[in-house]
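Structure file my_file-v9.cif; described as mmCIF, C-alpha atoms and all ligand atoms.
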```cif
data_query
loop_
_atom_site.label_atom_id
_atom_site.label_comp_id
_atom_site.auth_asym_id
_atom_site.auth_seq_id
_atom_site.Cartn_x
_atom_site.Cartn_y
_atom_site.Cartn_z
CA MET A 1 -21.97 -0.51 23.83
CA LEU A 2 -18.24 0.28 23.35
CA GLU A 3 -17.32 -2.94 21.49
CA THR A 4 -14.74 -2.24 18.82
CA ASN A 5 -13.64 -4.23 15.79
CA PHE A 6 -9.94 -3.87 15.14
CA ALA A 7 -7.58 -6.04 13.10
CA ASN A 8 -10.29 -8.73 12.83
CA ASN A 9 -10.72 -8.94 16.59
CA LEU A 10 -13.47 -7.75 18.90
CA PHE A 11 -12.32 -5.59 21.83
CA LYS A 12 -14.60 -4.72 24.76
CA ASN A 13 -13.80 -1.03 24.34
CA PRO A 14 -11.39 1.07 22.24
CA PHE A 15 -9.17 2.27 25.11
CA MET A 16 -5.57 1.23 25.64
CA ASN A 17 -2.34 2.71 27.00
CA ALA A 18 -0.03 4.63 24.70
CA SER A 19 3.28 2.81 24.40
CA GLY A 20 5.78 4.06 26.95
CA VAL A 21 3.25 4.73 29.70
CA HIS A 22 2.70 2.05 32.36
CA CYS A 23 4.20 -0.76 30.26
CA MET A 24 7.92 -0.93 31.04
CA THR A 25 7.73 -3.86 33.45
CA VAL A 26 5.82 -7.14 33.84
CA GLU A 27 4.11 -5.68 36.93
CA GLU A 28 2.81 -2.67 34.99
CA MET A 29 1.67 -4.75 32.01
CA ASP A 30 -0.12 -7.19 34.33
CA GLN A 31 -2.00 -4.23 35.83
CA LEU A 32 -3.07 -3.11 32.35
CA ALA A 33 -4.16 -6.64 31.46
CA LYS A 34 -6.39 -6.71 34.55
CA SER A 35 -7.72 -3.17 34.06
CA GLU A 36 -10.81 -1.96 32.19
CA ALA A 37 -8.65 -1.13 29.14
CA GLY A 38 -9.79 -2.94 26.00
CA ALA A 39 -6.18 -3.80 25.10
CA PHE A 40 -2.61 -2.89 26.01
CA ILE A 41 0.71 -2.29 24.28
CA THR A 42 4.27 -2.93 25.48
CA LYS A 43 7.02 -0.29 25.81
CA SER A 44 8.89 0.24 22.55
CA ALA A 45 11.74 -2.26 22.56
CA THR A 46 15.24 -2.30 21.13
CA ILE A 47 17.36 -5.43 20.77
CA ALA A 48 19.47 -4.61 23.81
CA GLN A 49 18.23 -3.29 27.14
CA ARG A 50 18.64 0.53 27.41
CA LYS A 51 18.84 2.78 30.43
CA GLY A 52 17.57 5.83 28.52
CA ASN A 53 18.35 9.49 29.16
CA PRO A 54 19.39 10.99 32.52
CA LYS A 55 16.66 11.97 35.01
CA PRO A 56 14.57 14.04 35.50
CA ARG A 57 13.22 13.08 32.07
CA TYR A 58 9.42 13.28 32.49
CA ARG A 59 7.34 16.15 33.89
CA SER A 60 3.61 16.27 34.30
CA LEU A 61 2.25 19.74 33.43
CA ASP A 62 -1.10 21.45 34.04
CA LEU A 63 -2.04 21.01 30.38
CA GLY A 64 -0.11 17.83 29.57
CA SER A 65 3.43 16.52 29.82
CA ILE A 66 6.96 16.84 28.50
CA ASN A 67 9.27 13.84 28.23
CA SER A 68 12.69 12.88 27.01
CA MET A 69 12.86 9.32 28.25
CA GLY A 70 15.29 8.24 25.51
CA LEU A 71 13.83 4.80 24.88
CA PRO A 72 14.59 3.11 28.20
CA ASN A 73 13.45 -0.53 27.91
CA GLU A 74 14.30 -4.03 29.03
CA GLY A 75 15.15 -5.30 25.53
CA ILE A 76 12.98 -7.21 23.05
CA ASP A 77 13.37 -10.65 24.66
CA TYR A 78 11.89 -9.43 27.95
CA TYR A 79 8.72 -8.17 26.22
CA LEU A 80 8.47 -11.04 23.75
CA ASP A 81 8.79 -13.67 26.49
CA TYR A 82 6.06 -11.87 28.41
CA ALA A 83 3.77 -11.57 25.37
CA LEU A 84 4.19 -15.25 24.41
CA GLN A 85 3.20 -16.31 27.90
CA LYS A 86 0.44 -13.74 28.40
CA GLN A 87 -1.24 -14.32 25.03
CA GLU A 88 -2.31 -17.78 26.21
CA GLU A 89 -4.35 -16.22 29.05
CA GLN A 90 -6.04 -13.54 26.95
CA ASP A 91 -8.84 -13.62 24.42
CA VAL A 92 -7.65 -10.41 22.71
CA PRO A 93 -4.29 -9.89 21.02
CA ILE A 94 -1.40 -8.07 22.65
CA PHE A 95 0.09 -5.04 20.90
CA PHE A 96 3.88 -5.21 20.74
CA SER A 97 5.93 -2.07 20.11
CA ILE A 98 9.44 -1.95 18.67
CA ALA A 99 11.67 1.04 17.96
CA GLY A 100 15.02 0.04 16.52
CA MET A 101 17.84 2.58 16.38
CA SER A 102 18.32 1.82 12.66
CA PRO A 103 16.45 0.15 9.77
CA ASP A 104 18.60 -2.96 10.20
CA GLU A 105 17.72 -3.20 13.89
CA ASN A 106 14.02 -2.95 13.04
CA ILE A 107 14.36 -5.70 10.42
CA GLN A 108 16.22 -7.94 12.88
CA MET A 109 13.50 -7.52 15.52
CA LEU A 110 10.70 -8.12 13.00
CA GLU A 111 12.43 -11.30 11.82
CA LYS A 112 12.48 -12.48 15.41
CA ILE A 113 8.77 -11.68 15.85
CA GLU A 114 7.87 -13.33 12.54
CA LYS A 115 9.70 -16.56 13.50
CA SER A 116 8.21 -16.61 17.02
CA SER A 117 4.77 -17.91 17.97
CA PHE A 118 3.59 -14.34 18.73
CA LYS A 119 -0.08 -14.07 17.70
CA GLY A 120 -0.60 -10.39 18.44
CA ILE A 121 -0.21 -7.13 16.59
CA THR A 122 3.16 -5.45 16.08
CA GLU A 123 3.59 -1.67 16.16
CA LEU A 124 6.69 -0.23 14.53
CA ASN A 125 7.51 3.09 16.18
CA LEU A 126 8.97 5.38 13.52
CA SER A 127 8.58 8.51 15.60
CA CYS A 128 10.61 8.56 18.81
CA PRO A 129 11.68 12.21 19.22
CA ASN A 130 14.08 11.72 22.12
CA VAL A 131 17.21 9.80 21.15
CA PRO A 132 20.03 12.33 20.76
CA GLY A 133 21.38 12.23 17.20
CA LYS A 134 18.48 10.13 15.81
CA PRO A 135 15.85 12.10 13.87
CA GLN A 136 12.24 10.90 13.84
CA ALA A 137 12.30 8.32 11.03
CA ALA A 138 8.84 9.03 9.65
CA TYR A 139 9.74 12.65 8.84
CA ASP A 140 11.82 11.11 6.02
CA PHE A 141 9.27 9.88 3.46
CA GLU A 142 11.78 8.03 1.26
CA ALA A 143 13.36 6.23 4.21
CA THR A 144 9.87 5.24 5.44
CA ASP A 145 9.02 3.86 1.99
CA ALA A 146 12.30 1.92 1.91
CA ILE A 147 11.87 0.30 5.35
CA LEU A 148 8.26 -0.67 4.61
CA ALA A 149 9.31 -2.28 1.32
CA ARG A 150 11.94 -4.35 3.16
CA ILE A 151 9.47 -5.31 5.91
CA PHE A 152 6.59 -6.45 3.73
CA ALA A 153 8.93 -8.63 1.66
CA PHE A 154 8.92 -11.10 4.59
CA PHE A 155 6.67 -9.96 7.45
CA LYS A 156 3.24 -11.63 7.31
CA LYS A 157 1.81 -10.84 10.74
CA PRO A 158 -0.39 -7.77 11.41
CA LEU A 159 1.69 -4.60 11.50
CA GLY A 160 0.91 -1.00 12.38
CA ILE A 161 3.16 2.02 12.50
CA LYS A 162 3.37 4.84 15.01
CA LEU A 163 3.67 8.20 13.30
CA PRO A 164 4.84 11.60 14.43
CA PRO A 165 2.49 14.56 13.98
CA TYR A 166 2.52 16.29 10.58
CA PHE A 167 1.62 19.94 10.18
CA ASP A 168 1.27 20.48 6.44
CA LEU A 169 -1.36 19.13 4.04
CA ALA A 170 1.39 18.37 1.50
CA HIS A 171 3.03 16.12 4.10
CA PHE A 172 -0.24 14.26 4.78
CA ASP A 173 -0.58 13.70 1.02
CA ALA A 174 3.01 12.49 0.63
CA MET A 175 2.91 10.16 3.65
CA ALA A 176 -0.49 8.73 2.70
CA ASP A 177 0.85 7.94 -0.79
CA VAL A 178 3.68 5.94 0.80
CA LEU A 179 1.45 4.13 3.32
CA ASN A 180 -1.19 3.19 0.74
CA LYS A 181 1.41 1.07 -1.11
CA TYR A 182 1.59 -1.44 1.78
CA PRO A 183 -0.75 -3.93 3.53
CA LEU A 184 -0.55 -2.11 6.86
CA THR A 185 -3.08 -3.12 9.50
CA TYR A 186 -3.11 0.36 11.00
CA ILE A 187 -1.41 3.64 11.64
CA ASN A 188 -1.23 5.25 15.08
CA SER A 189 -1.34 9.07 15.15
CA ILE A 190 0.23 10.81 16.98
CA ASN A 191 3.43 10.32 18.94
CA SER A 192 4.34 13.26 21.14
CA VAL A 193 4.91 16.64 19.47
CA GLY A 194 8.68 16.54 19.32
CA ASN A 195 11.11 18.94 20.89
CA GLY A 196 8.95 21.37 22.76
CA LEU A 197 10.36 23.41 25.62
CA PHE A 198 8.66 23.98 28.99
CA ILE A 199 10.08 26.58 31.34
CA ASP A 200 9.81 27.06 35.10
CA THR A 201 9.59 30.87 35.22
CA ASP A 202 10.34 31.13 38.96
CA LYS A 203 13.56 29.19 38.58
CA GLU A 204 14.21 30.57 35.05
CA GLN A 205 15.06 26.97 34.18
CA VAL A 206 14.03 24.05 32.02
CA VAL A 207 12.15 21.17 33.73
CA ILE A 208 13.84 18.06 32.31
CA LYS A 209 17.55 17.31 32.11
CA PRO A 210 18.20 15.69 28.69
CA LYS A 211 18.65 17.68 25.48
CA ASN A 212 18.82 21.12 27.16
CA GLY A 213 15.23 20.69 28.35
CA PHE A 214 13.71 19.90 24.93
CA GLY A 215 11.19 17.06 24.92
CA GLY A 216 8.07 15.49 23.44
CA ILE A 217 4.82 17.25 24.37
CA GLY A 218 1.65 15.30 25.17
CA GLY A 219 -1.76 15.87 26.71
CA GLU A 220 -4.23 18.72 26.23
CA TYR A 221 -1.63 20.80 24.36
CA VAL A 222 -1.64 18.38 21.45
CA LYS A 223 -5.29 17.37 20.98
CA PRO A 224 -6.04 19.62 17.97
CA THR A 225 -2.89 18.35 16.23
CA ALA A 226 -3.80 14.75 17.05
CA LEU A 227 -7.35 15.15 15.74
CA ALA A 228 -6.05 16.77 12.55
CA ASN A 229 -3.66 13.87 11.96
CA VAL A 230 -6.34 11.23 12.57
CA ARG A 231 -8.76 13.05 10.25
CA ALA A 232 -6.18 13.77 7.54
CA PHE A 233 -5.14 10.10 7.37
CA TYR A 234 -8.71 8.80 7.69
CA THR A 235 -9.65 10.78 4.59
CA ARG A 236 -6.52 9.73 2.65
CA LEU A 237 -5.73 6.09 3.54
CA ASN A 238 -7.15 2.93 2.01
CA PRO A 239 -10.11 1.90 4.17
CA SER A 240 -8.29 -1.36 4.98
CA ILE A 241 -5.76 0.64 7.04
CA GLN A 242 -7.37 1.34 10.41
CA ILE A 243 -6.37 4.22 12.70
CA ILE A 244 -5.44 4.40 16.36
CA GLY A 245 -6.05 7.89 17.71
CA THR A 246 -3.57 9.07 20.33
CA GLY A 247 -3.10 12.54 21.75
CA GLY A 248 -4.90 14.63 24.32
CA ILE A 249 -7.51 12.13 25.48
CA THR A 250 -8.40 13.19 29.02
CA SER A 251 -12.18 12.75 28.93
CA GLY A 252 -14.96 10.81 27.22
CA ARG A 253 -15.55 13.91 25.10
CA ASP A 254 -11.97 13.82 23.76
CA ALA A 255 -12.43 10.12 22.98
CA PHE A 256 -15.68 10.87 21.14
CA GLU A 257 -13.90 13.51 19.03
CA HIS A 258 -11.12 11.09 18.03
CA LEU A 259 -13.76 8.53 17.03
CA LEU A 260 -15.68 11.16 15.00
CA CYS A 261 -12.43 11.85 13.12
CA GLY A 262 -12.23 8.16 12.21
CA ALA A 263 -10.11 6.48 14.88
CA SER A 264 -10.96 2.83 15.71
CA MET A 265 -8.86 2.39 18.86
CA LEU A 266 -7.77 5.11 21.30
CA GLN A 267 -4.54 5.37 23.25
CA VAL A 268 -4.00 7.31 26.46
CA GLY A 269 -0.53 8.37 27.57
CA THR A 270 -0.26 11.57 29.61
CA GLN A 271 -3.58 11.10 31.40
CA LEU A 272 -2.76 7.46 32.25
CA GLN A 273 0.52 8.66 33.76
CA LYS A 274 -1.41 11.25 35.84
CA GLU A 275 -4.32 9.09 36.93
CA GLY A 276 -3.16 5.48 36.80
CA VAL A 277 -5.16 2.55 35.39
CA PRO A 278 -8.52 3.72 36.88
CA VAL A 279 -8.53 6.24 34.00
CA PHE A 280 -9.91 3.47 31.75
CA ASP A 281 -13.06 3.05 33.90
CA ARG A 282 -13.67 6.77 33.89
CA LEU A 283 -13.14 7.22 30.13
CA SER A 284 -15.40 4.27 29.31
CA ARG A 285 -18.13 5.63 31.56
CA GLU A 286 -17.85 9.16 30.16
CA LEU A 287 -17.85 7.98 26.55
CA LYS A 288 -20.98 5.88 27.21
CA GLU A 289 -22.67 8.91 28.79
CA ILE A 290 -22.03 11.09 25.75
CA MET A 291 -23.22 8.34 23.39
CA THR A 292 -26.41 7.90 25.43
CA GLU A 293 -27.08 11.68 25.42
CA LYS A 294 -26.71 11.68 21.65
CA GLY A 295 -28.77 8.55 21.12
CA TYR A 296 -25.96 6.31 19.87
CA ASP A 297 -25.65 2.72 21.06
CA HIS A 298 -22.68 1.66 18.93
CA ILE A 299 -19.45 3.46 18.02
CA GLU A 300 -19.88 2.53 14.35
CA GLN A 301 -22.97 4.79 14.17
CA PHE A 302 -20.76 7.91 14.36
CA ARG A 303 -17.15 6.79 13.82
CA GLY A 304 -15.55 8.85 11.03
CA LYS A 305 -18.74 10.84 10.47
CA LEU A 306 -17.37 14.29 11.32
CA LYS A 307 -19.45 16.92 9.51
CA GLU A 308 -17.97 19.70 7.40
CA MET A 309 -19.53 23.13 6.99
O1 LIG B 401 11.28 6.78 25.17
C1 LIG B 401 10.99 7.92 24.74
O2 LIG B 401 11.68 8.92 24.99
C2 LIG B 401 9.82 8.15 23.88
C3 LIG B 401 9.54 7.38 22.78
BR1 LIG B 401 10.48 5.84 22.34
C4 LIG B 401 8.46 7.76 21.93
O3 LIG B 401 8.14 7.13 20.92
N1 LIG B 401 7.76 8.88 22.26
C5 LIG B 401 8.04 9.62 23.34
O4 LIG B 401 7.38 10.64 23.57
N2 LIG B 401 9.09 9.24 24.15
#
```
Step by step, read the file and then write its structure as structure tokens.
Amino acid sequence: MLETNFANNLFKNPFMNASGVHCMTVEEMDQLAKSEAGAFITKSATIAQRKGNPKPRYRSLDLGSINSMGLPNEGIDYYLDYALQKQEEQDVPIFFSIAGMSPDENIQMLEKIEKSSFKGITELNLSCPNVPGKPQAAYDFEATDAILARIFAFFKKPLGIKLPPYFDLAHFDAMADVLNKYPLTYINSINSVGNGLFIDTDKEQVVIKPKNGFGGIGGEYVKPTALANVRAFYTRLNPSIQIIGTGGITSGRDAFEHLLCGASMLQVGTQLQKEGVPVFDRLSRELKEIMTEKGYDHIEQFRGKLKEM
């Protein structure tokens, strides 16, 4: 009932983790691989291992989360070695996230992936909000155009990009014009809403240590922004570019809304962090229940079919 076609593969359901959550170590990725999730993605990698920002750097909130992890990861070789081994045991492709600190670092990592026997799908994260001194790359439309031109001159494997949220229709238009020039497999909207501030009123203090308490916001707070981004790109991108909807998925109803907006796969970050891998059972069950109530037996019967007034 929840089978999903994505990047010319059939997944048992559209749910997966959002990169960064429950995918830093082999143990965590193995748990995802065994879970009810339809697919999983690795933590965004850099060439060298990184410790990330000082702790505390993640806080779960009533309505979501705030984080300033700062790209802690074990380095690309750790994740690539794992993916090359794991792909032989799986019948669906692995999603592999990279987030270089510069265009050259991204090119170097993509060259490595291209030359390797990796058969999965690569996600280029152009939207990390948490590395001090490094702006979110995809807020610079010309720089995004330039890196994609360099990438598609040599990279022949499936590639998606992870985008930050946009808040202006002119920005959706401008970004879609850039993206439509390239043979992207997908876009993933949205990364966390960058540089929010959560305050503990009793202590009159911020709740995370890095960047004076500023961090990326996820969860219920961001769902309307996430849905707007999925819908805005669904109505602007070439139909060959699929969409992963990420942001504020805590229930089957939220998943249904992302699918109505046009998403093909769905990523869960904040709620996976709160609930652990059993979240994928619950979301699959709840999404099936809503579909049954509405008389749908396949996602394609309603995906993208949001009505206007
Ligand atoms: O590691 C992080 O701080 C982080 C990354 Br790379 C990202 O893309 N999004 C996010 O919310 N945190």
Using all atoms of region 37-40 of chain A that appear in the file, construct an axis-aligned enclosing box with 3 Å of padding on every side and provide its centre coordinates and edge lengths in Å, rounded to one decimal, as AutoDock Vina command-line options.
```
--center_x -6.2 --center_y -2.5 --center_z 27.1 --size_x 13.2 --size_y 8.7 --size_z 10.0
```
Return as a list of chain:residue names every polymer residue, whether protein, DNA or RNA, with at least one atom no more than 6 Å from an atom of ligand LIG 401 (chain B); count only C-alpha atoms and all ligand atoms. A:Ser44, A:Asn67, A:Ser68, A:Met69, A:Gly70, A:Leu71, A:Pro72, A:Ser127, A:Cys128, A:Pro129, A:Asn130, A:Asn191, A:Ser192, A:Gly216
Shell around Arg236 (chain A) at 10 Å using all atoms listed in the file, local window under 5 positions removed, as a PDB file with C-alpha atoms, in the frame of the given file:
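The result, stored in part_3.pdb:
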```pdb
ATOM      1  CA  PHE A 172      -0.240  14.260   4.780  1.00  0.00           C
ATOM      2  CA  ASP A 173      -0.580  13.700   1.020  1.00  0.00           C
ATOM      3  CA  MET A 175       2.910  10.160   3.650  1.00  0.00           C
ATOM      4  CA  ALA A 176      -0.490   8.730   2.700  1.00  0.00           C
ATOM      5  CA  ASP A 177       0.850   7.940  -0.790  1.00  0.00           C
ATOM      6  CA  LEU A 179       1.450   4.130   3.320  1.00  0.00           C
ATOM      7  CA  ASN A 180      -1.190   3.190   0.740  1.00  0.00           C
ATOM      8  CA  ARG A 231      -8.760  13.050  10.250  1.00  0.00           C
TER       9      ARG A 231
END
```
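Ranking A:Lys181, A:Lys119, A:Lys211, A:Lys12 by their shortest atom-to-atom distance to Leu148 (chain A), with all atoms listed in the file included, puts A:Lys181 first.
Between Leu287 (chain A) and the candidates A:Lys157, A:His258, A:Lys274, A:Lys115, the tightest atom-to-atom separation, counting only C-alpha atoms, involves A:His258.
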Considering only C-alpha atoms, state which residue in the set A:Gln108, A:Thr225, A:Thr185, A:Ser251 is at the smallest distance from Asp281 (chain A).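 Of A:Gln108, A:Thr225, A:Thr185, A:Ser251, the one nearest Asp281 (chain A) is A:Ser251, counting only C-alpha atoms.
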List the spatial neighbours of Leu197 (chain A) as a PyMOL selection string - criterion: any atom at most 12 Å away, only C-alpha atoms, same-chain residues fewer than 5 positions off excluded. chain A and resi 59+61+65-68+205-218
Quick one: everything within 10 Å of Tyr166 (chain A), counting only C-alpha atoms, minus sequence neighbours fewer than 6 positions away in the same chain. Send it as a PyMOL selection string. chain A and resi 138-139+172+175+189-190+193+225-226+228-229+232
Considering all atoms listed in the file, give me a table of residues in region 125-202 of chain A that are at most 7 Å from region 89-103 of chain A, with the closest atom pair and distance in Å for each, as CSV.
```
residue,atom,partner,partner_atom,distance
A:Asn125,CA,A:Ala99,CA,5.0
A:Leu126,CA,A:Ala99,CA,6.8
A:Ile147,CA,A:Pro103,CA,6.4
```
